[in-house]
$ cat protein.cif   # mmCIF, C-alpha atoms and all ligand atoms
data_run
loop_
_atom_site.label_atom_id
_atom_site.label_comp_id
_atom_site.auth_asym_id
_atom_site.auth_seq_id
_atom_site.Cartn_x
_atom_site.Cartn_y
_atom_site.Cartn_z
CA MET A 30 -1.77 115.92 -18.84
CA THR A 31 -0.32 113.24 -16.61
CA THR A 32 -0.92 109.59 -15.99
CA LYS A 33 -3.43 109.09 -13.23
CA PRO A 34 -3.14 106.24 -10.75
CA GLN A 35 -5.98 103.80 -10.34
CA SER A 36 -5.47 103.70 -6.62
CA ASP A 37 -2.86 104.39 -4.03
CA SER A 38 -1.75 100.76 -4.22
CA SER A 39 -0.78 101.33 -7.84
CA LEU A 40 1.39 104.20 -6.67
CA THR A 41 3.31 101.78 -4.51
CA GLN A 42 3.94 99.22 -7.19
CA ASN A 43 6.72 101.19 -8.84
CA SER A 44 9.46 98.84 -9.92
CA SER A 45 12.90 99.45 -11.30
CA GLU A 46 11.46 101.18 -14.37
CA PRO A 47 9.80 104.44 -13.44
CA THR A 48 8.44 104.88 -16.95
CA ASN A 49 6.07 101.97 -16.34
CA SER A 50 4.41 103.22 -13.22
CA ALA A 51 4.91 106.18 -10.93
CA ALA A 52 7.11 109.09 -11.99
CA SER A 53 7.71 108.98 -15.67
CA PRO A 54 9.98 111.81 -16.75
CA ASN A 55 10.05 110.74 -20.37
CA ASP A 56 6.30 110.32 -20.63
CA ASN A 57 5.76 113.61 -18.93
CA ALA A 58 8.35 115.26 -21.15
CA ALA A 59 6.28 114.48 -24.19
CA CYS A 60 3.19 115.83 -22.49
CA GLU A 61 4.88 118.98 -21.28
CA SER A 62 6.57 119.59 -24.61
CA SER A 63 3.23 119.29 -26.32
CA ASN A 64 1.65 121.66 -23.87
CA GLN A 65 4.50 124.12 -24.32
CA SER A 66 4.07 124.37 -28.03
CA ALA A 67 0.34 124.72 -27.52
CA SER A 68 0.76 127.75 -25.30
CA GLN A 69 3.74 129.82 -26.33
CA GLY A 70 4.17 131.45 -22.91
CA TRP A 71 5.76 128.46 -21.22
CA VAL A 72 9.42 128.74 -20.44
CA TYR A 73 11.33 126.31 -18.25
CA SER A 74 14.69 127.27 -16.84
CA ASP A 75 17.69 125.06 -17.53
CA ILE A 76 17.65 124.09 -13.84
CA VAL A 77 14.04 122.91 -14.11
CA LYS A 78 14.91 120.85 -17.18
CA ASP A 79 17.92 119.35 -15.42
CA HIS A 80 15.92 118.33 -12.35
CA PHE A 81 13.12 116.97 -14.49
CA LEU A 82 15.38 114.88 -16.69
CA SER A 83 17.66 113.80 -13.81
CA PRO A 84 15.46 113.91 -10.73
CA ARG A 85 17.44 113.79 -7.48
CA ASN A 86 16.48 111.31 -4.79
CA PHE A 87 13.83 109.70 -6.94
CA LEU A 88 12.93 106.28 -5.53
CA MET A 89 13.74 103.64 -8.08
CA GLY A 90 12.45 100.20 -7.32
CA ASP A 91 10.46 98.70 -4.52
CA GLU A 92 9.77 101.19 -1.75
CA THR A 93 9.64 98.38 0.81
CA LYS A 94 13.36 97.92 0.20
CA TYR A 95 14.09 101.52 1.16
CA PRO A 96 14.26 101.66 4.97
CA HIS A 97 12.46 104.77 6.15
CA ASP A 98 11.14 106.25 9.36
CA ALA A 99 8.16 108.06 7.89
CA GLU A 100 6.17 108.44 4.71
CA GLY A 101 3.49 110.71 3.36
CA THR A 102 1.18 110.56 0.35
CA VAL A 103 -0.79 113.50 -0.99
CA GLY A 104 -2.81 114.42 -4.04
CA ASN A 105 -3.01 117.75 -5.80
CA PRO A 106 -6.63 118.92 -5.84
CA VAL A 107 -5.90 121.14 -8.86
CA CYS A 108 -4.94 118.30 -11.19
CA GLY A 109 -5.33 115.02 -9.30
CA ASP A 110 -1.64 114.11 -9.45
CA GLN A 111 -0.10 112.24 -6.53
CA MET A 112 3.16 112.31 -4.63
CA LYS A 113 4.65 109.91 -2.11
CA MET A 114 7.64 110.80 0.06
CA PHE A 115 9.83 108.71 2.36
CA LEU A 116 12.13 110.05 5.07
CA GLN A 117 15.03 108.73 7.05
CA ILE A 118 15.22 110.79 10.23
CA GLU A 119 17.99 110.98 12.78
CA ASP A 120 18.20 113.35 15.74
CA ASP A 121 15.21 115.27 14.43
CA LYS A 122 16.98 115.90 11.13
CA ILE A 123 16.28 114.58 7.66
CA LYS A 124 19.11 112.19 6.98
CA ASP A 125 17.78 111.08 3.60
CA VAL A 126 14.68 111.53 1.47
CA LYS A 127 13.20 109.61 -1.45
CA TRP A 128 10.04 110.21 -3.44
CA LYS A 129 7.92 109.00 -6.32
CA THR A 130 5.09 110.65 -8.16
CA TYR A 131 2.47 110.62 -10.87
CA GLY A 132 3.02 114.34 -11.16
CA CYS A 133 3.99 116.42 -14.16
CA ALA A 134 7.40 117.74 -15.19
CA SER A 135 7.10 120.74 -12.89
CA ALA A 136 6.16 118.53 -9.96
CA ILE A 137 9.10 116.23 -10.66
CA ALA A 138 11.58 119.12 -10.92
CA SER A 139 10.10 120.85 -7.87
CA THR A 140 10.22 117.76 -5.70
CA SER A 141 13.73 116.99 -6.86
CA ALA A 142 14.74 120.47 -5.74
CA LEU A 143 12.84 120.14 -2.48
CA SER A 144 14.54 116.85 -1.71
CA GLU A 145 17.93 118.50 -2.11
CA LEU A 146 16.91 121.48 0.00
CA ALA A 147 15.46 119.30 2.77
CA LYS A 148 18.38 116.95 3.31
CA GLY A 149 20.23 117.71 6.52
CA LYS A 150 17.61 120.14 7.77
CA THR A 151 15.71 119.78 11.03
CA LEU A 152 12.10 118.74 10.61
CA ASP A 153 10.93 122.21 11.59
CA ASP A 154 13.25 123.91 9.09
CA ALA A 155 12.29 121.47 6.34
CA LEU A 156 8.65 122.39 6.85
CA LYS A 157 9.54 126.01 6.13
CA ILE A 158 10.68 125.17 2.58
CA GLY A 159 7.76 126.50 0.59
CA PRO A 160 6.87 126.77 -3.08
CA ALA A 161 8.50 130.20 -3.38
CA GLU A 162 11.88 128.89 -2.20
CA ILE A 163 11.58 125.86 -4.46
CA ALA A 164 10.77 128.06 -7.45
CA GLU A 165 13.70 130.33 -6.64
CA PHE A 166 16.04 127.32 -6.40
CA LEU A 167 14.85 126.23 -9.85
CA GLY A 168 15.38 129.62 -11.43
CA GLY A 169 11.63 130.18 -11.61
CA LEU A 170 8.54 128.26 -12.67
CA PRO A 171 5.80 129.27 -15.11
CA ALA A 172 3.08 130.95 -13.06
CA HIS A 173 0.41 128.43 -13.96
CA LYS A 174 2.71 125.56 -12.91
CA PHE A 175 3.46 127.04 -9.51
CA HIS A 176 0.82 124.81 -7.91
CA CYS A 177 2.87 121.77 -8.94
CA SER A 178 5.59 122.76 -6.49
CA VAL A 179 3.07 122.44 -3.66
CA LEU A 180 2.77 118.70 -4.16
CA GLY A 181 6.21 117.80 -2.82
CA HIS A 182 5.92 120.34 -0.04
CA GLU A 183 2.67 118.75 1.14
CA ALA A 184 4.05 115.22 0.85
CA LEU A 185 7.00 116.26 3.00
CA ALA A 186 4.64 117.78 5.57
CA ALA A 187 2.55 114.59 5.55
CA ALA A 188 5.65 112.46 6.09
CA ILE A 189 6.80 114.63 8.98
CA GLU A 190 3.34 114.43 10.52
CA ASN A 191 3.47 110.66 10.09
CA TYR A 192 6.80 110.64 11.92
CA HIS A 193 5.46 112.71 14.82
CA LYS A 194 2.47 110.41 15.19
CA GLN A 195 4.82 107.48 15.70
CA GLN A 196 6.71 109.17 18.54
S1 LIG B 1 -0.10 119.34 -13.28
FE1 LIG B 1 -0.37 118.08 -11.51
S2 LIG B 1 1.36 118.46 -10.30
FE2 LIG B 1 1.69 119.60 -12.09
#

$ encode --input "protein.cif" --output "structure tokens"
Amino acid sequence: MTTKPQSDSSLTQNSSEPTNSAASPNDNAACESSNQSASQGWVYSDIVKDHFLSPRNFLMGDETKYPHDAEGTVGNPVCGDQMKMFLQIEDDKIKDVKWKTYGCASAIASTSALSELAKGKTLDDALKIGPAEIAEFLGGLPAHKFHCSVLGHEALAAAIENYHKQQ
């Protein structure tokens, strides 16, 4: 279970404390831990745990203060969670990426991994980073959490589409 946004505007009001609005690793940790004990088959790799507890490129603070060339927001139809991604683009390559989410632990870890994989890649190559590559990078994901890795991938695609529309 994850915290659901009231609207997209609430997604954008993330301040310096992620636990009060968008991505909330600690809140989600409690939820995921509870879910894990409820269904014994859940196993997270150490890499997943690391990226969940220390998400890379997570946008702390006001997104309007992060200069970016493109952004994309998507929702996961499976669970209703949301992801927002911001890109700095130079010479058709991703110079930097930031993101925020209402997603679960798996979505946070997956998007953290994706953000690391995408940096420095051309836009076309970044689009090729799919859930399977993200899961491999993380040392695997529980099968029923695989859909969570799609959220970041789709937000990245939406941001790249947003960039192309501006050209
Ligand atoms: S349960 Fe919604 S992204 Fe994982």

$ atom_distance --input "protein.cif" --atom1 "CA of Ser178 (chain A)" --atom2 "CA of Ser135 (chain A)"
6.9 Å

$ residues_near_ligand --input "protein.cif" --ligand "ligand LIG 1 (chain B)" --cutoff "7 Å" --atoms "all atoms listed in the file" --output "JSON, numbers by chain"
{"A": [30, 31, 105, 107, 108, 109, 110, 132, 133, 134, 135, 136, 174, 176, 177, 180]}

$ write_last_selection --input "protein.cif" --atoms "C-alpha atoms" --output "compact mmCIF listing (two decimals), keeping the file's coordinate frame"
# COMPACT_ATOMS: atom_id res chain seq x y z
CA MET A 30 -1.77 115.92 -18.84
CA THR A 31 -0.32 113.24 -16.61
CA ASN A 105 -3.01 117.75 -5.80
CA VAL A 107 -5.90 121.14 -8.86
CA CYS A 108 -4.94 118.30 -11.19
CA GLY A 109 -5.33 115.02 -9.30
CA ASP A 110 -1.64 114.11 -9.45
CA GLY A 132 3.02 114.34 -11.16
CA CYS A 133 3.99 116.42 -14.16
CA ALA A 134 7.40 117.74 -15.19
CA SER A 135 7.10 120.74 -12.89
CA ALA A 136 6.16 118.53 -9.96
CA LYS A 174 2.71 125.56 -12.91
CA HIS A 176 0.82 124.81 -7.91
CA CYS A 177 2.87 121.77 -8.94
CA LEU A 180 2.77 118.70 -4.16

$ residues_around --input "protein.cif" --residues "region 144-153 of chain A" --least-positions-apart "5" --cutoff "12 Å" --atoms "all atoms listed in the file" --output "ChimeraX atom specification"
/A:80,84-88,99,114-129,136-139,158-160,162-167,178,181-182,184-193

$ write_last_selection --input "protein.cif" --atoms "C-alpha atoms" --output "PDB file, in the frame of the given file"
ATOM      1  CA  HIS A  80      15.920 118.330 -12.350  1.00  0.00           C
ATOM      2  CA  PRO A  84      15.460 113.910 -10.730  1.00  0.00           C
ATOM      3  CA  ARG A  85      17.440 113.790  -7.480  1.00  0.00           C
ATOM      4  CA  ASN A  86      16.480 111.310  -4.790  1.00  0.00           C
ATOM      5  CA  PHE A  87      13.830 109.700  -6.940  1.00  0.00           C
ATOM      6  CA  LEU A  88      12.930 106.280  -5.530  1.00  0.00           C
ATOM      7  CA  ALA A  99       8.160 108.060   7.890  1.00  0.00           C
ATOM      8  CA  MET A 114       7.640 110.800   0.060  1.00  0.00           C
ATOM      9  CA  PHE A 115       9.830 108.710   2.360  1.00  0.00           C
ATOM     10  CA  LEU A 116      12.130 110.050   5.070  1.00  0.00           C
ATOM     11  CA  GLN A 117      15.030 108.730   7.050  1.00  0.00           C
ATOM     12  CA  ILE A 118      15.220 110.790  10.230  1.00  0.00           C
ATOM     13  CA  GLU A 119      17.990 110.980  12.780  1.00  0.00           C
ATOM     14  CA  ASP A 120      18.200 113.350  15.740  1.00  0.00           C
ATOM     15  CA  ASP A 121      15.210 115.270  14.430  1.00  0.00           C
ATOM     16  CA  LYS A 122      16.980 115.900  11.130  1.00  0.00           C
ATOM     17  CA  ILE A 123      16.280 114.580   7.660  1.00  0.00           C
ATOM     18  CA  LYS A 124      19.110 112.190   6.980  1.00  0.00           C
ATOM     19  CA  ASP A 125      17.780 111.080   3.600  1.00  0.00           C
ATOM     20  CA  VAL A 126      14.680 111.530   1.470  1.00  0.00           C
ATOM     21  CA  LYS A 127      13.200 109.610  -1.450  1.00  0.00           C
ATOM     22  CA  TRP A 128      10.040 110.210  -3.440  1.00  0.00           C
ATOM     23  CA  LYS A 129       7.920 109.000  -6.320  1.00  0.00           C
ATOM     24  CA  ALA A 136       6.160 118.530  -9.960  1.00  0.00           C
ATOM     25  CA  ILE A 137       9.100 116.230 -10.660  1.00  0.00           C
ATOM     26  CA  ALA A 138      11.580 119.120 -10.920  1.00  0.00           C
ATOM     27  CA  SER A 139      10.100 120.850  -7.870  1.00  0.00           C
ATOM     28  CA  ILE A 158      10.680 125.170   2.580  1.00  0.00           C
ATOM     29  CA  GLY A 159       7.760 126.500   0.590  1.00  0.00           C
ATOM     30  CA  PRO A 160       6.870 126.770  -3.080  1.00  0.00           C
ATOM     31  CA  GLU A 162      11.880 128.890  -2.200  1.00  0.00           C
ATOM     32  CA  ILE A 163      11.580 125.860  -4.460  1.00  0.00           C
ATOM     33  CA  ALA A 164      10.770 128.060  -7.450  1.00  0.00           C
ATOM     34  CA  GLU A 165      13.700 130.330  -6.640  1.00  0.00           C
ATOM     35  CA  PHE A 166      16.040 127.320  -6.400  1.00  0.00           C
ATOM     36  CA  LEU A 167      14.850 126.230  -9.850  1.00  0.00           C
ATOM     37  CA  SER A 178       5.590 122.760  -6.490  1.00  0.00           C
ATOM     38  CA  GLY A 181       6.210 117.800  -2.820  1.00  0.00           C
ATOM     39  CA  HIS A 182       5.920 120.340  -0.040  1.00  0.00           C
ATOM     40  CA  ALA A 184       4.050 115.220   0.850  1.00  0.00           C
ATOM     41  CA  LEU A 185       7.000 116.260   3.000  1.00  0.00           C
ATOM     42  CA  ALA A 186       4.640 117.780   5.570  1.00  0.00           C
ATOM     43  CA  ALA A 187       2.550 114.590   5.550  1.00  0.00           C
ATOM     44  CA  ALA A 188       5.650 112.460   6.090  1.00  0.00           C
ATOM     45  CA  ILE A 189       6.800 114.630   8.980  1.00  0.00           C
ATOM     46  CA  GLU A 190       3.340 114.430  10.520  1.00  0.00           C
ATOM     47  CA  ASN A 191       3.470 110.660  10.090  1.00  0.00           C
ATOM     48  CA  TYR A 192       6.800 110.640  11.920  1.00  0.00           C
ATOM     49  CA  HIS A 193       5.460 112.710  14.820  1.00  0.00           C
TER      50      HIS A 193
END

$ atom_distance --input "protein.cif" --atom1 "CA of Val72 (chain A)" --atom2 "CA of Phe175 (chain A)"
12.6 Å

$ atom_distance --input "protein.cif" --atom1 "CA of Tyr131 (chain A)" --atom2 "CA of Gln111 (chain A)"
5.3 Å

$ closest_residue --input "protein.cif" --among "A:Pro171, A:Ala142, A:Gln195, A:Ala155" --to "Asp79 (chain A)" --atoms "all atoms listed in the file"
A:Ala142
